[in-house]
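**Q** I'm passing along coords.txt; it holds compact mmCIF, C-alpha atoms and all ligand atoms.
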```
# COMPACT_ATOMS: atom_id res chain seq x y z
CA MET A 1 14.01 20.25 28.02
CA SER A 2 10.42 20.28 29.25
CA GLN A 3 8.64 20.54 25.88
CA PRO A 4 9.27 18.10 23.05
CA ARG A 5 10.58 19.87 19.97
CA PRO A 6 8.19 19.49 17.04
CA ARG A 7 10.00 17.35 14.51
CA ALA A 8 7.90 17.65 11.37
CA ASP A 9 7.06 20.75 9.39
CA PRO A 10 4.59 20.27 6.52
CA THR A 11 6.54 22.78 4.41
CA TRP A 12 9.59 20.51 4.36
CA GLY A 13 10.44 18.49 1.30
CA PHE A 14 9.30 14.86 1.26
CA THR A 15 12.68 13.39 2.19
CA THR A 16 13.12 15.73 5.15
CA LEU A 17 9.57 15.06 6.27
CA ALA A 18 9.98 11.28 6.00
CA ALA A 19 13.19 11.38 8.05
CA HIS A 20 11.44 13.23 10.89
CA ALA A 21 7.77 12.25 10.51
CA GLY A 22 6.07 11.16 13.71
CA GLU A 23 9.07 11.79 15.94
CA GLY A 24 9.26 14.11 18.93
CA LEU A 25 5.69 13.51 20.07
CA GLU A 26 6.50 12.16 23.50
CA PRO A 27 6.42 14.61 26.36
CA GLY A 28 9.00 13.92 29.05
CA ALA A 29 12.08 15.09 30.85
CA TRP A 30 14.22 14.06 27.90
CA GLN A 31 13.58 13.48 24.24
CA PRO A 32 14.89 10.30 22.62
CA THR A 33 16.29 10.63 19.11
CA SER A 34 13.86 7.92 18.03
CA THR A 35 10.58 6.90 19.67
CA PRO A 36 11.30 3.79 21.74
CA ILE A 37 9.30 0.56 21.70
CA HIS A 38 6.72 0.66 24.46
CA ASN A 39 6.14 -3.00 25.13
CA ALA A 40 3.25 -2.53 27.51
CA SER A 41 -0.22 -4.01 27.33
CA GLY A 42 -1.62 -1.26 29.52
CA PHE A 43 -0.71 2.01 31.21
CA VAL A 44 -0.75 2.76 34.92
CA MET A 45 -2.98 5.67 35.83
CA PRO A 46 -1.59 8.38 38.13
CA SER A 47 -4.96 8.69 39.88
CA PHE A 48 -8.49 7.29 39.91
CA ASP A 49 -9.90 10.27 37.99
CA ALA A 50 -7.11 10.22 35.39
CA LEU A 51 -8.62 7.16 33.70
CA ASP A 52 -11.89 9.02 33.07
CA GLU A 53 -9.95 11.99 31.76
CA VAL A 54 -7.88 9.89 29.35
CA PHE A 55 -10.98 8.01 28.15
CA GLU A 56 -12.77 11.30 27.53
CA GLY A 57 -9.79 12.85 25.76
CA LYS A 58 -9.46 15.58 28.39
CA ARG A 59 -5.98 14.45 29.25
CA PRO A 60 -3.30 13.09 26.89
CA GLY A 61 -2.35 9.52 27.61
CA TYR A 62 -2.92 5.87 26.95
CA PHE A 63 -4.74 3.22 28.92
CA TYR A 64 -4.65 -0.02 26.91
CA SER A 65 -2.37 -0.91 24.00
CA ARG A 66 -5.14 -2.39 21.88
CA ASP A 67 -6.62 1.12 21.77
CA GLY A 68 -3.43 3.09 21.50
CA ASN A 69 0.25 2.93 22.30
CA PRO A 70 2.90 5.67 22.05
CA THR A 71 5.10 3.72 19.60
CA VAL A 72 2.12 2.98 17.40
CA ARG A 73 0.87 6.55 17.69
CA ALA A 74 4.25 7.88 16.55
CA PHE A 75 4.12 5.68 13.45
CA GLU A 76 0.51 6.73 12.80
CA ALA A 77 1.49 10.40 13.10
CA GLY A 78 4.33 9.82 10.65
CA ILE A 79 2.02 8.27 8.07
CA ALA A 80 -0.54 11.05 8.53
CA GLN A 81 2.19 13.62 7.92
CA LEU A 82 3.44 11.85 4.81
CA GLU A 83 -0.06 11.35 3.44
CA CYS A 84 -1.04 14.99 4.22
CA ALA A 85 -3.95 13.67 6.29
CA PRO A 86 -5.17 14.87 9.69
CA LEU A 87 -5.05 11.35 11.08
CA ALA A 88 -3.91 7.82 10.29
CA VAL A 89 -4.52 4.52 12.04
CA ALA A 90 -2.17 1.54 12.01
CA PHE A 91 -3.53 -1.96 11.47
CA SER A 92 -2.02 -5.39 11.98
CA SER A 93 -1.76 -5.98 8.21
CA GLY A 94 -2.69 -4.47 4.90
CA MET A 95 -5.72 -6.75 4.72
CA ALA A 96 -6.87 -5.58 8.16
CA ALA A 97 -6.44 -2.00 6.93
CA ILE A 98 -8.56 -2.67 3.83
CA HIS A 99 -11.20 -4.35 5.96
CA GLY A 100 -11.12 -1.47 8.45
CA ALA A 101 -11.42 1.17 5.72
CA LEU A 102 -14.43 -0.60 4.22
CA LEU A 103 -16.09 -0.87 7.64
CA THR A 104 -15.44 2.85 8.17
CA ALA A 105 -17.64 3.52 5.15
CA GLU A 106 -20.50 2.00 7.20
CA LEU A 107 -21.89 -0.16 4.43
CA LYS A 108 -25.45 -1.39 4.90
CA PRO A 109 -27.10 -4.40 3.23
CA GLY A 110 -28.00 -3.36 -0.30
CA ASP A 111 -25.15 -0.84 -0.62
CA THR A 112 -22.83 -1.18 -3.57
CA ILE A 113 -19.03 -1.16 -3.66
CA VAL A 114 -17.58 -0.28 -7.04
CA SER A 115 -14.09 -1.72 -7.20
CA THR A 116 -11.29 -1.73 -9.69
CA VAL A 117 -11.34 -5.09 -11.43
CA ASP A 118 -7.62 -5.84 -11.28
CA CYS A 119 -7.05 -5.21 -7.61
CA TYR A 120 -4.99 -7.35 -5.24
CA GLY A 121 -6.46 -10.87 -5.36
CA LEU A 122 -7.30 -11.13 -1.67
CA THR A 123 -9.05 -7.75 -1.74
CA ARG A 124 -11.27 -9.14 -4.42
CA VAL A 125 -11.91 -12.27 -2.39
CA LEU A 126 -12.73 -10.11 0.69
CA LEU A 127 -15.23 -8.07 -1.30
CA GLN A 128 -16.80 -11.05 -3.03
CA SER A 129 -17.02 -13.30 -0.02
CA HIS A 130 -17.28 -11.30 3.18
CA PHE A 131 -18.98 -8.12 1.99
CA VAL A 132 -21.35 -9.89 -0.38
CA ALA A 133 -22.31 -12.24 2.48
CA GLN A 134 -23.11 -9.12 4.54
CA GLY A 135 -25.57 -8.05 1.84
CA ALA A 136 -23.41 -5.63 -0.16
CA HIS A 137 -23.28 -5.65 -3.94
CA VAL A 138 -19.89 -5.54 -5.58
CA GLN A 139 -19.38 -4.24 -9.08
CA PHE A 140 -15.97 -4.55 -10.73
CA VAL A 141 -15.04 -2.01 -13.37
CA ASP A 142 -11.90 -1.11 -15.25
CA MET A 143 -10.97 2.18 -13.58
CA ALA A 144 -8.83 3.15 -16.56
CA ASP A 145 -12.17 3.57 -18.35
CA VAL A 146 -13.48 6.80 -16.80
CA GLY A 147 -16.79 6.44 -18.67
CA ALA A 148 -17.34 3.05 -17.04
CA VAL A 149 -16.69 4.57 -13.62
CA GLU A 150 -19.12 7.41 -14.42
CA ARG A 151 -21.83 4.91 -15.29
CA ALA A 152 -21.12 2.90 -12.15
CA LEU A 153 -21.40 6.06 -10.02
CA ASP A 154 -24.82 6.72 -11.56
CA GLY A 155 -25.96 3.61 -9.68
CA ARG A 156 -25.34 5.50 -6.40
CA PRO A 157 -22.82 3.14 -4.80
CA LYS A 158 -21.50 3.79 -1.31
CA VAL A 159 -17.81 3.19 -2.04
CA LEU A 160 -15.44 3.60 -4.94
CA TYR A 161 -12.43 1.34 -4.30
CA LEU A 162 -9.25 1.59 -6.31
CA GLU A 163 -5.50 1.11 -6.24
CA THR A 164 -3.24 3.97 -7.36
CA ILE A 165 -1.18 1.43 -9.31
CA SER A 166 -2.94 -1.86 -9.82
CA ASN A 167 -1.69 -5.28 -8.78
CA PRO A 168 -0.26 -7.00 -10.81
CA LEU A 169 -0.71 -5.23 -14.17
CA VAL A 170 0.53 -1.84 -12.87
CA LYS A 171 -2.25 0.14 -14.49
CA VAL A 172 -2.22 3.72 -13.24
CA PHE A 173 -5.52 5.31 -12.37
CA ASP A 174 -6.42 8.97 -12.47
CA VAL A 175 -6.86 9.30 -8.72
CA PRO A 176 -7.61 13.08 -8.70
CA ARG A 177 -10.30 12.71 -11.35
CA LEU A 178 -11.86 9.57 -9.89
CA ALA A 179 -11.84 10.99 -6.34
CA ALA A 180 -13.48 14.20 -7.59
CA MET A 181 -16.15 12.20 -9.42
CA ALA A 182 -16.79 10.12 -6.29
CA ARG A 183 -17.04 13.22 -4.11
CA ALA A 184 -19.46 14.90 -6.51
CA ALA A 185 -21.62 11.76 -6.39
CA GLY A 186 -21.51 11.58 -2.58
CA VAL A 187 -19.51 8.35 -2.71
CA TYR A 188 -16.56 7.50 -0.44
CA SER A 189 -13.32 7.01 -2.34
CA LEU A 190 -10.95 4.43 -0.86
CA VAL A 191 -7.51 4.26 -2.43
CA ASP A 192 -5.00 1.49 -1.85
CA ASN A 193 -1.75 3.42 -2.31
CA THR A 194 0.56 0.47 -1.55
CA PHE A 195 2.30 0.24 -4.93
CA ALA A 196 2.86 4.00 -5.23
CA SER A 197 3.63 4.78 -1.59
CA PRO A 198 3.29 8.42 -0.48
CA TYR A 199 6.60 9.04 -2.22
CA LEU A 200 4.81 9.00 -5.59
CA LEU A 201 1.32 10.18 -4.67
CA ARG A 202 -0.63 11.43 -1.66
CA PRO A 203 -4.24 10.72 -2.65
CA VAL A 204 -5.76 12.75 0.24
CA GLU A 205 -4.28 15.85 -1.42
CA HIS A 206 -6.28 14.88 -4.48
CA GLY A 207 -9.61 14.39 -2.73
CA ALA A 208 -9.54 10.73 -1.63
CA ASP A 209 -11.35 9.95 1.63
CA LEU A 210 -9.38 6.99 2.96
CA VAL A 211 -5.91 5.97 1.85
CA ILE A 212 -4.73 2.45 2.57
CA HIS A 213 -1.27 0.91 2.73
CA SER A 214 0.03 -2.52 3.23
CA ALA A 215 2.93 -1.24 5.37
CA THR A 216 4.42 -4.69 4.89
CA LYS A 217 5.63 -3.35 1.55
CA TYR A 218 7.41 -0.05 0.79
CA ILE A 219 6.66 1.58 4.15
CA GLY A 220 8.36 -1.19 6.14
CA GLY A 221 10.65 -1.81 3.19
CA HIS A 222 12.95 -4.46 4.64
CA GLY A 223 10.84 -7.60 4.45
CA ASP A 224 10.76 -7.95 8.22
CA VAL A 225 7.30 -6.79 9.29
CA THR A 226 3.58 -7.12 8.53
CA GLY A 227 1.40 -4.05 8.98
CA GLY A 228 -1.16 -1.75 7.44
CA THR A 229 -2.32 1.84 7.66
CA VAL A 230 -5.33 3.91 6.73
CA ALA A 231 -5.09 7.70 6.51
CA ALA A 232 -8.35 9.63 6.79
CA ALA A 233 -9.08 12.88 4.98
CA THR A 234 -11.13 14.30 7.87
CA GLU A 235 -11.11 14.13 11.66
CA GLU A 236 -14.62 12.72 11.49
CA LEU A 237 -13.60 9.79 9.27
CA GLY A 238 -10.50 9.35 11.43
CA GLY A 239 -12.67 9.07 14.54
CA ARG A 240 -14.73 6.35 12.90
CA LEU A 241 -11.56 4.59 11.82
CA ARG A 242 -10.29 4.58 15.42
CA ARG A 243 -13.53 3.03 16.59
CA VAL A 244 -13.33 0.37 13.88
CA VAL A 245 -9.73 -0.65 14.69
CA LYS A 246 -10.68 -0.95 18.34
CA LEU A 247 -13.71 -3.11 17.64
CA LEU A 248 -11.77 -5.30 15.20
CA GLY A 249 -8.97 -5.58 17.75
CA ALA A 250 -6.62 -5.10 14.81
CA LEU A 251 -4.25 -2.37 15.99
CA LEU A 252 -0.62 -2.88 15.03
CA GLY A 253 1.67 -4.04 17.84
CA PRO A 254 4.42 -1.72 19.16
CA ASN A 255 7.33 -3.84 17.85
CA GLU A 256 5.86 -3.90 14.36
CA ALA A 257 5.00 -0.20 14.54
CA TRP A 258 8.61 0.59 15.42
CA LEU A 259 9.90 -1.38 12.42
CA CYS A 260 7.38 0.29 10.12
CA HIS A 261 8.27 3.71 11.50
CA ARG A 262 11.95 3.04 10.95
CA GLY A 263 11.11 2.15 7.36
CA VAL A 264 9.35 5.49 6.88
CA LYS A 265 12.58 7.35 7.58
CA THR A 266 14.33 5.97 4.48
CA LEU A 267 11.25 5.58 2.28
CA SER A 268 12.24 8.44 0.02
CA LEU A 269 15.78 7.18 -0.58
CA ARG A 270 14.68 3.63 -1.20
CA MET A 271 11.86 4.64 -3.53
CA ALA A 272 14.06 6.93 -5.61
CA ARG A 273 16.63 4.18 -6.10
CA GLN A 274 14.05 1.43 -6.64
CA CYS A 275 12.12 3.49 -9.21
CA ASP A 276 15.33 4.28 -11.11
CA ASN A 277 16.36 0.62 -11.04
CA ALA A 278 12.90 -0.47 -12.19
CA LEU A 279 13.03 1.86 -15.19
CA GLU A 280 16.39 0.41 -16.20
CA VAL A 281 15.19 -3.17 -15.76
CA ALA A 282 11.90 -2.50 -17.62
CA ARG A 283 13.74 -0.95 -20.58
CA TRP A 284 16.09 -3.91 -20.69
CA LEU A 285 13.24 -6.43 -20.54
CA GLU A 286 11.29 -4.63 -23.25
CA ALA A 287 14.27 -4.74 -25.59
CA ASP A 288 14.81 -8.47 -25.04
CA PRO A 289 13.24 -10.85 -27.62
CA ARG A 290 12.96 -13.59 -24.99
CA VAL A 291 10.36 -11.46 -23.19
CA GLY A 292 6.78 -10.74 -24.30
CA ARG A 293 4.84 -7.69 -23.21
CA VAL A 294 6.34 -5.60 -20.43
CA TYR A 295 4.05 -3.64 -18.13
CA TYR A 296 5.71 -0.65 -16.49
CA PRO A 297 4.29 2.91 -16.29
CA GLY A 298 7.70 4.41 -17.06
CA LEU A 299 7.74 2.90 -20.56
CA PRO A 300 6.20 4.97 -23.37
CA SER A 301 4.40 1.76 -24.44
CA HIS A 302 2.41 1.73 -21.18
CA GLU A 303 -1.19 2.83 -21.65
CA GLN A 304 -1.09 5.37 -18.82
CA HIS A 305 2.52 6.51 -19.32
CA GLU A 306 1.57 10.19 -19.69
CA LEU A 307 -0.87 10.13 -16.81
CA ALA A 308 1.75 8.50 -14.59
CA GLY A 309 4.23 11.21 -15.58
CA CYS A 310 1.76 13.91 -14.50
CA LEU A 311 0.70 12.20 -11.29
CA PHE A 312 4.05 10.98 -10.03
CA GLY A 313 6.32 13.80 -11.14
CA GLY A 314 8.88 11.83 -13.16
CA ARG A 315 9.28 8.51 -11.37
CA TYR A 316 7.08 5.50 -12.01
CA GLY A 317 7.24 3.05 -9.16
CA ALA A 318 9.26 -0.10 -8.76
CA MET A 319 6.78 -2.78 -9.82
CA ILE A 320 7.05 -4.43 -13.21
CA ALA A 321 5.05 -7.23 -14.77
CA PHE A 322 6.01 -9.08 -17.93
CA ASP A 323 4.87 -11.99 -20.03
CA LEU A 324 7.06 -14.90 -20.93
CA PRO A 325 6.10 -15.65 -24.55
CA ASP A 326 3.75 -18.61 -25.08
CA GLY A 327 3.55 -18.28 -21.35
CA ASN A 328 2.81 -21.30 -19.34
CA ARG A 329 3.48 -22.47 -15.84
CA ASP A 330 6.42 -24.68 -16.83
CA ARG A 331 8.32 -21.88 -18.49
CA VAL A 332 7.66 -19.60 -15.51
CA ARG A 333 8.86 -22.37 -13.18
CA ARG A 334 12.13 -22.73 -15.12
CA PHE A 335 12.62 -18.96 -15.07
CA ILE A 336 11.96 -18.54 -11.36
CA ASP A 337 13.95 -21.60 -10.28
CA ALA A 338 16.98 -20.35 -12.25
CA LEU A 339 17.12 -16.98 -10.47
CA GLU A 340 19.96 -16.67 -8.00
CA LEU A 341 19.91 -13.03 -6.85
CA VAL A 342 16.25 -12.18 -7.37
CA GLN A 343 14.27 -13.86 -4.63
CA PRO A 344 11.01 -15.68 -5.32
CA ALA A 345 8.73 -14.55 -2.50
CA PRO A 346 5.03 -13.74 -2.31
CA THR A 347 5.53 -10.16 -1.16
CA LEU A 348 6.83 -6.89 -2.62
CA GLY A 349 8.29 -3.50 -1.78
CA ASP A 350 11.32 -5.00 -0.10
CA LEU A 351 14.71 -3.40 -0.68
CA ARG A 352 15.76 -6.68 -2.30
CA THR A 353 14.36 -7.59 -5.71
CA LEU A 354 11.57 -10.14 -5.47
CA THR A 355 9.56 -12.06 -8.01
CA LEU A 356 6.20 -13.75 -7.89
CA TYR A 357 3.91 -15.66 -10.22
CA PRO A 358 0.49 -14.00 -9.72
CA ALA A 359 -1.47 -17.08 -10.79
CA GLN A 360 0.26 -19.04 -8.03
CA ALA A 361 0.31 -16.41 -5.27
CA SER A 362 -1.27 -12.94 -5.21
CA HIS A 363 -4.15 -13.95 -7.49
CA ARG A 364 -4.45 -17.59 -6.48
CA GLY A 365 -7.93 -16.96 -5.09
CA LEU A 366 -9.26 -16.13 -8.58
CA THR A 367 -10.36 -18.72 -11.09
CA ALA A 368 -8.34 -19.01 -14.31
CA GLU A 369 -11.26 -17.37 -16.14
CA GLN A 370 -11.29 -14.43 -13.72
CA ARG A 371 -7.54 -14.00 -14.08
CA HIS A 372 -7.66 -14.14 -17.86
CA ALA A 373 -10.58 -11.69 -17.94
CA VAL A 374 -8.45 -9.02 -16.26
CA GLY A 375 -5.43 -9.78 -18.42
CA ILE A 376 -3.38 -11.94 -16.04
CA GLY A 377 -2.02 -14.52 -18.45
CA ASP A 378 -0.44 -17.86 -17.56
CA GLY A 379 2.99 -16.49 -18.43
CA LEU A 380 2.74 -13.30 -16.38
CA VAL A 381 5.58 -12.73 -13.93
CA ARG A 382 5.72 -9.88 -11.39
CA LEU A 383 8.93 -8.22 -10.35
CA SER A 384 9.36 -5.94 -7.35
CA VAL A 385 12.61 -4.15 -8.01
CA GLY A 386 14.93 -3.44 -5.11
CA ILE A 387 17.97 -1.29 -4.46
CA GLU A 388 20.66 -3.62 -5.83
CA ASP A 389 23.16 -2.59 -8.47
CA PRO A 390 21.34 -2.91 -11.83
CA PRO A 391 24.09 -4.89 -13.63
CA ASP A 392 23.73 -7.65 -11.02
CA LEU A 393 19.97 -7.75 -11.53
CA LEU A 394 20.24 -7.80 -15.31
CA ALA A 395 22.82 -10.60 -15.22
CA ASP A 396 20.52 -12.69 -13.04
CA LEU A 397 17.48 -12.06 -15.24
CA ASP A 398 19.54 -12.79 -18.33
CA HIS A 399 20.61 -16.22 -17.28
CA ALA A 400 17.14 -17.07 -15.91
CA LEU A 401 15.58 -16.10 -19.25
CA ASP A 402 18.04 -18.43 -20.96
CA SER A 403 17.06 -21.21 -18.57
CA ALA A 404 13.34 -20.58 -19.21
CA GLY A 405 14.07 -21.51 -22.83
CA GLY A 406 11.70 -21.52 -25.73
C1 LIG B 1 -1.90 -3.74 -3.19
C2 LIG B 1 -1.99 -4.55 -1.93
N1 LIG B 1 -2.83 -4.16 -0.96
C3 LIG B 1 -2.95 -4.87 0.18
C4 LIG B 1 -2.24 -6.02 0.40
C5 LIG B 1 -2.40 -6.78 1.68
O1 LIG B 1 -1.40 -6.45 2.56
P1 LIG B 1 -0.88 -7.43 3.74
O2 LIG B 1 -0.18 -8.55 3.06
O3 LIG B 1 0.02 -6.56 4.55
O4 LIG B 1 -2.07 -7.89 4.48
C6 LIG B 1 -1.34 -6.46 -0.59
C7 LIG B 1 -0.54 -7.67 -0.36
O5 LIG B 1 0.21 -8.10 -1.18
C8 LIG B 1 -1.22 -5.71 -1.78
O6 LIG B 1 -0.41 -6.09 -2.77
```
Let's see the structure in the file written out as structure tokens.
Ligand SMILES: Cc1ncc(COP(=O)(O)O)c(C=O)c1O

**A**
Amino acid sequence: MSQPRPRADPTWGFTTLAAHAGEGLEPGAWQPTSTPIHNASGFVMPSFDALDEVFEGKRPGYFYSRDGNPTVRAFEAGIAQLECAPLAVAFSSGMAAIHGALLTAELKPGDTIVSTVDCYGLTRVLLQSHFVAQGAHVQFVDMADVGAVERALDGRPKVLYLETISNPLVKVFDVPRLAAMARAAGVYSLVDNTFASPYLLRPVEHGADLVIHSATKYIGGHGDVTGGTVAAATEELGGRLRRVVKLLGALLGPNEAWLCHRGVKTLSLRMARQCDNALEVARWLEADPRVGRVYYPGLPSHEQHELAGCLFGGRYGAMIAFDLPDGNRDRVRRFIDALELVQPAPTLGDLRTLTLYPAQASHRGLTAEQRHAVGIGDGLVRLSVGIEDPPDLLADLDHALDSAGG
């Protein structure tokens, strides 16, 4: 076969698209069923002039893996297809992707970034340390309060930064409305879609400019890779993003890209199962007197339950947070140390169920006052629900809650 068969049709359903996304891009005498790992730091040019032609985009090809690599490009194409974006760029981690997206907005000294207040802890540290040191102003607002966002946009910021589902309190934000408000105000909207994954929401479809993932999480899905992506809503933003990743030297490596791409293929199946499991676990936790408040968008008690239903089409993600009553570090320690199936690990989105104590891990960089101000109490535990059989998970949680004691 001389022409590769196109393997992704945007009219396909999400599961079909995910299974095929990014594949079949490689021209050649034969077409592998899955894009292979191209472990090459550079690419040999067929002629002297070919290098100029590849550099100038007049000829398809690659010259140096820091700038582009076929395995990485296949993964990027897959993410772009899933996120309904013209282009996506892979980064070496989610943090590199966040950094790259913010640089793509071309912030100047004096520009303001309006960010959701309860974002991932290290994002907040990045904004407060690095970007403030570069002369940017950072304003944190509760993005569930649309009026507060409106007022912040009146100040003519450069960037509106939010997470589809916040970390760790799983607040759900009205991405279509906030992105439309940002666009009307001439402000870039950057959405970290890690917790939702494109399975639940594709923010570019709703007007977001740049959509970020820590691919370490649901995209990779197996706890065996670190990576990040940014999908751009326009070719122009995508071009800037490519330049940024090159200057940062932060492109994902081919081995990691291959693992992330393999994760994409089963994203839909894993997410469906993980969301269903999470709903079951959240309901069980909420009914248990040994547990305080449970935060999960699928529960009617969640503040944005209806919004989440509209945005996500009937599933609610696989992240849960809950308070151990009279919460304190000692009780959380007893709970976590008693778990046998659920794994304590400072990550999420894995197909195995994981737990984390935000005050100790994801939000360690915040002071106790900052954590309390956004509602992260000393007894708050985060659960990333996996694909296991729910009775096994509930049995493990049950005996750990007993061990946590009163
Ligand atoms: C919502 C969110 N965004 C970004 C990141 C950073 O991703 P990475 O760990 O791949 O750098 C994390 C990490 O936990 C996260 O939870």

**Q** With 3 Å added on each side, what axis-aligned box encloses every listed atom of ligand LIG 1 (chain B)? Give the centre and edge lengths in Å to one decimal, as lines of an AutoDock Vina configuration file.

**A**
```
center_x = -1.4
center_y = -6.1
center_z = 0.7
size_x = 9.2
size_y = 10.8
size_z = 13.7
```

**Q** With 12 Å as the cut-off and all atoms listed in the file counted, what is the closest atom pair between each nearby residue of segment 302-396 of chain A and segment 252-267 of chain A? Distances in Å to one decimal, ordered by chain and number, as CSV.

**A**
```
residue,atom,partner,partner_atom,distance
A:Gly349,CA,A:Leu267,CA,10.4
A:Asp350,CA,A:Gly263,CA,10.3
A:Leu351,CA,A:Leu267,CA,10.1
A:Ile387,CA,A:Leu267,CA,11.7
```

**Q** Counting only C-alpha atoms and all ligand atoms, which protein, DNA or RNA residues come within 10 Å of ligand LIG 1 (chain B), given as number ranges by chain?

**A** A: 91-99, 119-123, 162-168, 191-196, 212-217, 225-229, 346-349, 361-363

**Q** What's the 7 Å shell around Pro297 of chain A, counting only C-alpha atoms, without same-chain residues fewer than 6 positions away, as a count of residues only?

**A** 5

**Q** May I have the residues within 9 Å of Val146 of chain A as a CSV table (one decimal) with C-alpha atoms, in the coordinates of the input, using all atoms listed in the file and disregarding those fewer than 4 positions away in the same chain?

**A**
```csv
chain,number,residue,atom,x,y,z
A,142,ASP,CA,-11.9,-1.1,-15.2
A,150,GLU,CA,-19.1,7.4,-14.4
A,151,ARG,CA,-21.8,4.9,-15.3
A,174,ASP,CA,-6.4,9.0,-12.5
A,177,ARG,CA,-10.3,12.7,-11.4
A,178,LEU,CA,-11.9,9.6,-9.9
```

**Q** Which neighbours of segment 71-79 of chain A fall inside 6 Å, counting all atoms listed in the file, when residues of the same chain fewer than 5 positions from it are skipped, and could you give them as an NGL selection string?

**A** :A and (21-22 or 37-38 or 88-90 or 254 or 257 or 261)

**Q** Between atom CA of Arg334 of chain A and atom CA of Gly317 of chain A, measure the distance and give it in Å to one decimal.

**A** 26.9 Å

**Q** Mind checking which residues fall within 12 Å of segment 101-104 of chain A, counting only C-alpha atoms, ignoring those fewer than 4 positions away in the same chain, and posting them as a ChimeraX atom specification?

**A** /A:88-91,94-97,108,111-115,123,126-127,130-131,134,136,158-162,188-192,209-213,228-233,236-248

**Q** Using all atoms listed in the file, which of the listed residues (A:Val281, A:Asp330, A:Leu397, A:Arg59) sits closest to Pro46 of chain A?

**A**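 Closest to Pro46 of chain A, using all atoms listed in the file: A:Arg59.
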
**Q** Just to confirm, what's the straight-line distance from atom CA of Val332 of chain A to atom CA of Leu169 of chain A in Å (one decimal)?

**A**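 Going from atom CA of Val332 of chain A over to atom CA of Leu169 of chain A, I get 16.7 Å.
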
**Q** Work out how far apart atom CA of Leu311 of chain A and atom CA of Leu354 of chain A are and give it in Å to one decimal.

**A**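 Interatomic distance here is 25.5 Å.
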
**Q** With distances taken over only C-alpha atoms, which of A:Gln128, A:Pro60, A:Leu380, A:Thr355 is nearest to Leu25 of chain A?

**A**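 When distances to Leu25 of chain A are compared using only C-alpha atoms, the smallest one comes from A:Pro60.
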
**Q** Identify which of the residues A:Ala85, A:Cys310, A:Leu153, A:Ala272 lies closest to Arg202 of chain A, counting all atoms listed in the file when measuring atom-to-atom distances.

**A** A:Ala85

**Q** Considering only C-alpha atoms, return as a ChimeraX atom specification whatever protein or nucleic-acid residues lie within 9 Å of segment 62-66 of chain A, sequence-local ones (same chain, fewer than 3 positions apart) excluded.

**A** /A:39-45,51,54-55,69-70,72,245-246,249-254

**Q** Which residue out of A:Asp398, A:Glu280, A:Asp389, A:Glu235 has the minimum interatomic distance to Ile336 of chain A when all atoms listed in the file are used?

**A**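 Of all the options, A:Asp398 lies closest to Ile336 of chain A.
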
**Q** Would you mind telling me which residue in A:Leu393, A:Ala338, A:Val204, A:Ala404 lies nearest to Val291 of chain A when using only C-alpha atoms?

**A**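 Closest to Val291 of chain A of all the choices is A:Ala404.
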
**Q** Since the input is missing atoms, can you rebuild N, CA and C atoms for segment 274-284 of chain A and write them as a CSV table (one decimal), in the frame of the given file?

**A**
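The result, stored in out06.csv:
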```csv
chain,number,residue,atom,x,y,z
A,274,GLN,N,14.8,2.6,-6.1
A,274,GLN,CA,14.0,1.4,-6.6
A,274,GLN,C,13.3,1.8,-7.9
A,275,CYS,N,12.8,3.0,-8.0
A,275,CYS,CA,12.1,3.5,-9.2
A,275,CYS,C,13.1,3.6,-10.3
A,276,ASP,N,14.3,4.1,-10.1
A,276,ASP,CA,15.3,4.3,-11.1
A,276,ASP,C,15.8,2.9,-11.6
A,277,ASN,N,16.0,2.0,-10.7
A,277,ASN,CA,16.4,0.6,-11.0
A,277,ASN,C,15.3,0.0,-11.9
A,278,ALA,N,14.0,0.2,-11.5
A,278,ALA,CA,12.9,-0.5,-12.2
A,278,ALA,C,12.8,0.0,-13.6
A,279,LEU,N,13.1,1.3,-13.8
A,279,LEU,CA,13.0,1.9,-15.2
A,279,LEU,C,14.1,1.2,-16.0
A,280,GLU,N,15.3,1.0,-15.5
A,280,GLU,CA,16.4,0.4,-16.2
A,280,GLU,C,16.1,-1.0,-16.5
A,281,VAL,N,15.5,-1.8,-15.5
A,281,VAL,CA,15.2,-3.2,-15.8
A,281,VAL,C,14.1,-3.3,-16.8
A,282,ALA,N,13.1,-2.4,-16.7
A,282,ALA,CA,11.9,-2.5,-17.6
A,282,ALA,C,12.4,-2.2,-19.1
A,283,ARG,N,13.2,-1.2,-19.2
A,283,ARG,CA,13.7,-1.0,-20.6
A,283,ARG,C,14.5,-2.1,-21.1
A,284,TRP,N,15.3,-2.8,-20.3
A,284,TRP,CA,16.1,-3.9,-20.7
A,284,TRP,C,15.2,-5.1,-21.1
```
